[in-house]
Amino acid sequence: MPYDEFESLKYTEDVIEKYLNEYFKDNHLIRASEIINDNMSDEAILRLLYILVYAGDEMNYYINPLGKKIKNPRFTIDDFEILKGEN
């Protein structure tokens with residue numbers, strides 16, 4: 001993906017929060033291994049990376065490493081849980 005396309009995606013904290021709130025409607029935690037699949041788009045991969053970047057007190061969700069690897073045809077990443085914070 002060219003850099004100018006990456007810059008235009010605008011994954012703000014609000015965009016990531018809205019995305020996660022859709023998942024959190026039914027569960028208090030999400031595993032990366034449940035989101036990642038073999039044919040996921042570049043956009044979905046970037047969204048997942050932004051989730052890692054924005055995690056913390058201000059966004060009210062947290063990352064818990066699971067100590068396992070997720071092997072995708074395009075990349076390998078450590079599995080993790082995304083935990084919803086207390087409101």
# chains A, B, ... in the order shown; residues from 1 in each chain; ligands from 1
$ residues_around --residues "Phe80 in chain A" --least-positions-apart "3" --cutoff "10 Å" --atoms "only C-alpha atoms" --output "PyMOL selection string"
chain A and resi 30-34+52+62-70+77+83
$ write_last_selection --atoms "N, CA and C atoms" --output "PDB file, in the first residue's frame"
ATOM      1  N   ILE A  30     -12.273  -9.904  23.106  1.00  0.00           N
ATOM      2  CA  ILE A  30     -12.122 -10.368  21.726  1.00  0.00           C
ATOM      3  C   ILE A  30     -10.708 -10.907  21.602  1.00  0.00           C
ATOM      4  N   ARG A  31     -10.555 -12.052  20.992  1.00  0.00           N
ATOM      5  CA  ARG A  31      -9.214 -12.580  20.708  1.00  0.00           C
ATOM      6  C   ARG A  31      -8.836 -12.206  19.279  1.00  0.00           C
ATOM      7  N   ALA A  32      -7.591 -11.781  19.102  1.00  0.00           N
ATOM      8  CA  ALA A  32      -7.113 -11.441  17.756  1.00  0.00           C
ATOM      9  C   ALA A  32      -7.290 -12.631  16.825  1.00  0.00           C
ATOM     10  N   SER A  33      -7.072 -13.840  17.338  1.00  0.00           N
ATOM     11  CA  SER A  33      -7.204 -15.048  16.514  1.00  0.00           C
ATOM     12  C   SER A  33      -8.635 -15.250  16.026  1.00  0.00           C
ATOM     13  N   GLU A  34      -9.611 -14.627  16.669  1.00  0.00           N
ATOM     14  CA  GLU A  34     -10.995 -14.701  16.216  1.00  0.00           C
ATOM     15  C   GLU A  34     -11.289 -13.692  15.112  1.00  0.00           C
ATOM     16  N   LEU A  52      -3.990  -2.037  18.635  1.00  0.00           N
ATOM     17  CA  LEU A  52      -2.833  -2.206  19.511  1.00  0.00           C
ATOM     18  C   LEU A  52      -2.248  -0.860  19.926  1.00  0.00           C
ATOM     19  N   TYR A  62      -8.155  -2.833  26.814  1.00  0.00           N
ATOM     20  CA  TYR A  62      -6.803  -3.222  27.180  1.00  0.00           C
ATOM     21  C   TYR A  62      -6.379  -4.465  26.411  1.00  0.00           C
ATOM     22  N   ILE A  63      -5.079  -4.631  26.254  1.00  0.00           N
ATOM     23  CA  ILE A  63      -4.517  -5.758  25.524  1.00  0.00           C
ATOM     24  C   ILE A  63      -3.890  -6.726  26.513  1.00  0.00           C
ATOM     25  N   ASN A  64      -4.209  -8.001  26.366  1.00  0.00           N
ATOM     26  CA  ASN A  64      -3.629  -9.057  27.180  1.00  0.00           C
ATOM     27  C   ASN A  64      -2.947 -10.056  26.250  1.00  0.00           C
ATOM     28  N   PRO A  65      -1.611 -10.101  26.230  1.00  0.00           N
ATOM     29  CA  PRO A  65      -0.909 -11.073  25.373  1.00  0.00           C
ATOM     30  C   PRO A  65      -1.235 -12.502  25.792  1.00  0.00           C
ATOM     31  N   LEU A  66      -1.367 -13.404  24.820  1.00  0.00           N
ATOM     32  CA  LEU A  66      -1.727 -14.791  25.107  1.00  0.00           C
ATOM     33  C   LEU A  66      -0.562 -15.772  24.952  1.00  0.00           C
ATOM     34  N   GLY A  67       0.566 -15.326  24.437  1.00  0.00           N
ATOM     35  CA  GLY A  67       1.737 -16.196  24.335  1.00  0.00           C
ATOM     36  C   GLY A  67       1.659 -17.244  23.235  1.00  0.00           C
ATOM     37  N   LYS A  68       0.771 -17.058  22.283  1.00  0.00           N
ATOM     38  CA  LYS A  68       0.657 -17.962  21.136  1.00  0.00           C
ATOM     39  C   LYS A  68       0.837 -17.147  19.865  1.00  0.00           C
ATOM     40  N   LYS A  69       1.225 -17.816  18.793  1.00  0.00           N
ATOM     41  CA  LYS A  69       1.385 -17.158  17.503  1.00  0.00           C
ATOM     42  C   LYS A  69       0.171 -17.418  16.620  1.00  0.00           C
ATOM     43  N   ILE A  70      -0.187 -16.419  15.829  1.00  0.00           N
ATOM     44  CA  ILE A  70      -1.192 -16.566  14.782  1.00  0.00           C
ATOM     45  C   ILE A  70      -0.423 -16.539  13.479  1.00  0.00           C
ATOM     46  N   ILE A  77       1.762 -13.036  13.864  1.00  0.00           N
ATOM     47  CA  ILE A  77       1.586 -12.071  14.951  1.00  0.00           C
ATOM     48  C   ILE A  77       1.300 -12.834  16.235  1.00  0.00           C
ATOM     49  N   LEU A  83      -9.626  -6.593  25.809  1.00  0.00           N
ATOM     50  CA  LEU A  83     -10.573  -6.617  26.917  1.00  0.00           C
ATOM     51  C   LEU A  83     -11.249  -5.269  27.067  1.00  0.00           C
TER      52      LEU A  83
END
$ select_by_dssp --residues "range 8-62 of chain A" --states "alpha helix (DSSP H)" --output "ChimeraX atom specification"
/A:8,13-24,32-35,42-54
$ write_last_selection --atoms "N, CA and C atoms" --output "compact mmCIF listing (two decimals), in the first residue's frame"
# COMPACT_ATOMS: atom_id res chain seq x y z
N SER A 8 -4.41 8.43 4.20
CA SER A 8 -5.80 8.83 3.96
C SER A 8 -6.82 7.96 4.70
N GLU A 13 -9.09 7.63 16.98
CA GLU A 13 -9.57 6.90 18.16
C GLU A 13 -11.07 6.66 18.06
N ASP A 14 -11.82 7.63 17.54
CA ASP A 14 -13.28 7.47 17.40
C ASP A 14 -13.63 6.33 16.46
N VAL A 15 -12.92 6.22 15.35
CA VAL A 15 -13.17 5.16 14.38
C VAL A 15 -12.89 3.80 15.01
N ILE A 16 -11.78 3.68 15.72
CA ILE A 16 -11.42 2.41 16.37
C ILE A 16 -12.41 2.08 17.48
N GLU A 17 -12.81 3.07 18.25
CA GLU A 17 -13.77 2.83 19.33
C GLU A 17 -15.10 2.32 18.77
N LYS A 18 -15.57 2.93 17.70
CA LYS A 18 -16.83 2.49 17.08
C LYS A 18 -16.71 1.04 16.59
N TYR A 19 -15.58 0.73 15.94
CA TYR A 19 -15.33 -0.63 15.45
C TYR A 19 -15.36 -1.64 16.60
N LEU A 20 -14.65 -1.34 17.69
CA LEU A 20 -14.61 -2.26 18.83
C LEU A 20 -15.96 -2.38 19.53
N ASN A 21 -16.69 -1.28 19.63
CA ASN A 21 -17.99 -1.34 20.29
C ASN A 21 -18.94 -2.30 19.60
N GLU A 22 -18.81 -2.45 18.28
CA GLU A 22 -19.62 -3.44 17.57
C GLU A 22 -19.31 -4.85 18.08
N TYR A 23 -18.03 -5.15 18.28
CA TYR A 23 -17.64 -6.46 18.81
C TYR A 23 -18.05 -6.60 20.27
N PHE A 24 -17.90 -5.54 21.04
CA PHE A 24 -18.16 -5.61 22.48
C PHE A 24 -19.65 -5.66 22.81
N ALA A 32 -7.59 -11.78 19.10
CA ALA A 32 -7.11 -11.44 17.76
C ALA A 32 -7.29 -12.63 16.83
N SER A 33 -7.07 -13.84 17.34
CA SER A 33 -7.20 -15.05 16.51
C SER A 33 -8.64 -15.25 16.03
N GLU A 34 -9.61 -14.63 16.67
CA GLU A 34 -11.00 -14.70 16.22
C GLU A 34 -11.29 -13.69 15.11
N ILE A 35 -10.47 -12.65 15.02
CA ILE A 35 -10.67 -11.61 14.02
C ILE A 35 -9.88 -11.92 12.75
N ASP A 42 -6.22 -5.58 3.64
CA ASP A 42 -5.17 -4.72 4.21
C ASP A 42 -5.79 -3.75 5.21
N GLU A 43 -6.97 -3.27 4.91
CA GLU A 43 -7.66 -2.33 5.81
C GLU A 43 -7.94 -2.98 7.16
N ALA A 44 -8.38 -4.22 7.17
CA ALA A 44 -8.66 -4.92 8.42
C ALA A 44 -7.38 -5.15 9.22
N ILE A 45 -6.30 -5.44 8.54
CA ILE A 45 -5.00 -5.62 9.22
C ILE A 45 -4.57 -4.30 9.85
N LEU A 46 -4.70 -3.21 9.13
CA LEU A 46 -4.33 -1.90 9.68
C LEU A 46 -5.20 -1.55 10.88
N ARG A 47 -6.48 -1.85 10.80
CA ARG A 47 -7.38 -1.58 11.92
C ARG A 47 -6.92 -2.33 13.16
N LEU A 48 -6.52 -3.58 12.99
CA LEU A 48 -6.03 -4.37 14.10
C LEU A 48 -4.76 -3.76 14.70
N LEU A 49 -3.87 -3.27 13.86
CA LEU A 49 -2.66 -2.62 14.35
C LEU A 49 -2.98 -1.34 15.11
N TYR A 50 -3.94 -0.59 14.63
CA TYR A 50 -4.34 0.62 15.35
C TYR A 50 -4.97 0.28 16.69
N ILE A 51 -5.68 -0.82 16.78
CA ILE A 51 -6.23 -1.26 18.06
C ILE A 51 -5.09 -1.43 19.06
N LEU A 52 -3.99 -2.04 18.64
CA LEU A 52 -2.83 -2.21 19.51
C LEU A 52 -2.25 -0.86 19.93
N VAL A 53 -2.18 0.07 19.00
CA VAL A 53 -1.59 1.38 19.27
C VAL A 53 -2.43 2.18 20.26
N TYR A 54 -3.75 2.16 20.11
CA TYR A 54 -4.62 3.01 20.91
C TYR A 54 -5.02 2.42 22.26
$ select_by_dssp --residues "range 1-81 of chain A" --states "strand (DSSP E or B)" --output "list in words"
Leu29, Ile30, Arg31, Gly56, Tyr61, Tyr62, Ile63, Asn64, Pro65, Leu66, Gly67, Lys68, Lys69, Ile70, Lys71, Thr76, Ile77, Asp78, Asp79, Phe80 and Glu81 of chain A
$ write_last_selection --atoms "N, CA and C atoms" --output "mmCIF file, in the first residue's frame"
data_model
loop_
_atom_site.group_PDB
_atom_site.id
_atom_site.type_symbol
_atom_site.label_atom_id
_atom_site.label_comp_id
_atom_site.auth_asym_id
_atom_site.auth_seq_id
_atom_site.Cartn_x
_atom_site.Cartn_y
_atom_site.Cartn_z
ATOM 1 N N LEU A 29 -14.652 -9.544 25.774
ATOM 2 C CA LEU A 29 -13.293 -9.666 25.250
ATOM 3 C C LEU A 29 -13.323 -10.231 23.846
ATOM 4 N N ILE A 30 -12.273 -9.904 23.106
ATOM 5 C CA ILE A 30 -12.122 -10.368 21.726
ATOM 6 C C ILE A 30 -10.708 -10.907 21.602
ATOM 7 N N ARG A 31 -10.555 -12.052 20.992
ATOM 8 C CA ARG A 31 -9.214 -12.580 20.708
ATOM 9 C C ARG A 31 -8.836 -12.206 19.279
ATOM 10 N N GLY A 56 -5.494 1.297 26.023
ATOM 11 C CA GLY A 56 -5.114 1.937 27.275
ATOM 12 C C GLY A 56 -6.287 2.618 27.946
ATOM 13 N N TYR A 61 -10.166 0.111 26.722
ATOM 14 C CA TYR A 61 -9.937 -1.286 26.401
ATOM 15 C C TYR A 61 -8.454 -1.568 26.573
ATOM 16 N N TYR A 62 -8.155 -2.833 26.814
ATOM 17 C CA TYR A 62 -6.803 -3.222 27.180
ATOM 18 C C TYR A 62 -6.379 -4.465 26.411
ATOM 19 N N ILE A 63 -5.079 -4.631 26.254
ATOM 20 C CA ILE A 63 -4.517 -5.758 25.524
ATOM 21 C C ILE A 63 -3.890 -6.726 26.513
ATOM 22 N N ASN A 64 -4.209 -8.001 26.366
ATOM 23 C CA ASN A 64 -3.629 -9.057 27.180
ATOM 24 C C ASN A 64 -2.947 -10.056 26.250
ATOM 25 N N PRO A 65 -1.611 -10.101 26.230
ATOM 26 C CA PRO A 65 -0.909 -11.073 25.373
ATOM 27 C C PRO A 65 -1.235 -12.502 25.792
ATOM 28 N N LEU A 66 -1.367 -13.404 24.820
ATOM 29 C CA LEU A 66 -1.727 -14.791 25.107
ATOM 30 C C LEU A 66 -0.562 -15.772 24.952
ATOM 31 N N GLY A 67 0.566 -15.326 24.437
ATOM 32 C CA GLY A 67 1.737 -16.196 24.335
ATOM 33 C C GLY A 67 1.659 -17.244 23.235
ATOM 34 N N LYS A 68 0.771 -17.058 22.283
ATOM 35 C CA LYS A 68 0.657 -17.962 21.136
ATOM 36 C C LYS A 68 0.837 -17.147 19.865
ATOM 37 N N LYS A 69 1.225 -17.816 18.793
ATOM 38 C CA LYS A 69 1.385 -17.158 17.503
ATOM 39 C C LYS A 69 0.171 -17.418 16.620
ATOM 40 N N ILE A 70 -0.187 -16.419 15.829
ATOM 41 C CA ILE A 70 -1.192 -16.566 14.782
ATOM 42 C C ILE A 70 -0.423 -16.539 13.479
ATOM 43 N N LYS A 71 -0.543 -17.600 12.702
ATOM 44 C CA LYS A 71 0.155 -17.668 11.424
ATOM 45 C C LYS A 71 -0.844 -17.439 10.306
ATOM 46 N N THR A 76 2.874 -13.211 10.575
ATOM 47 C CA THR A 76 2.738 -13.930 11.839
ATOM 48 C C THR A 76 2.687 -12.877 12.939
ATOM 49 N N ILE A 77 1.762 -13.036 13.864
ATOM 50 C CA ILE A 77 1.586 -12.071 14.951
ATOM 51 C C ILE A 77 1.300 -12.834 16.235
ATOM 52 N N ASP A 78 1.679 -12.257 17.364
ATOM 53 C CA ASP A 78 1.335 -12.853 18.653
ATOM 54 C C ASP A 78 -0.156 -12.675 18.896
ATOM 55 N N ASP A 79 -0.804 -13.743 19.350
ATOM 56 C CA ASP A 79 -2.227 -13.645 19.666
ATOM 57 C C ASP A 79 -2.393 -12.812 20.937
ATOM 58 N N PHE A 80 -3.513 -12.124 21.042
ATOM 59 C CA PHE A 80 -3.802 -11.306 22.207
ATOM 60 C C PHE A 80 -5.299 -11.167 22.364
ATOM 61 N N GLU A 81 -5.704 -10.821 23.574
ATOM 62 C CA GLU A 81 -7.100 -10.526 23.846
ATOM 63 C C GLU A 81 -7.267 -9.010 23.924
#
$ atom_distance --atom1 "CA of Ala55 in chain A" --atom2 "CA of Asn27 in chain A"
17.2 Å
$ atom_distance --atom1 "CA of Thr12 in chain A" --atom2 "CA of Met59 in chain A"
11.2 Å
$ atom_distance --atom1 "CA of His28 in chain A" --atom2 "CA of Ile82 in chain A"
8.4 Å
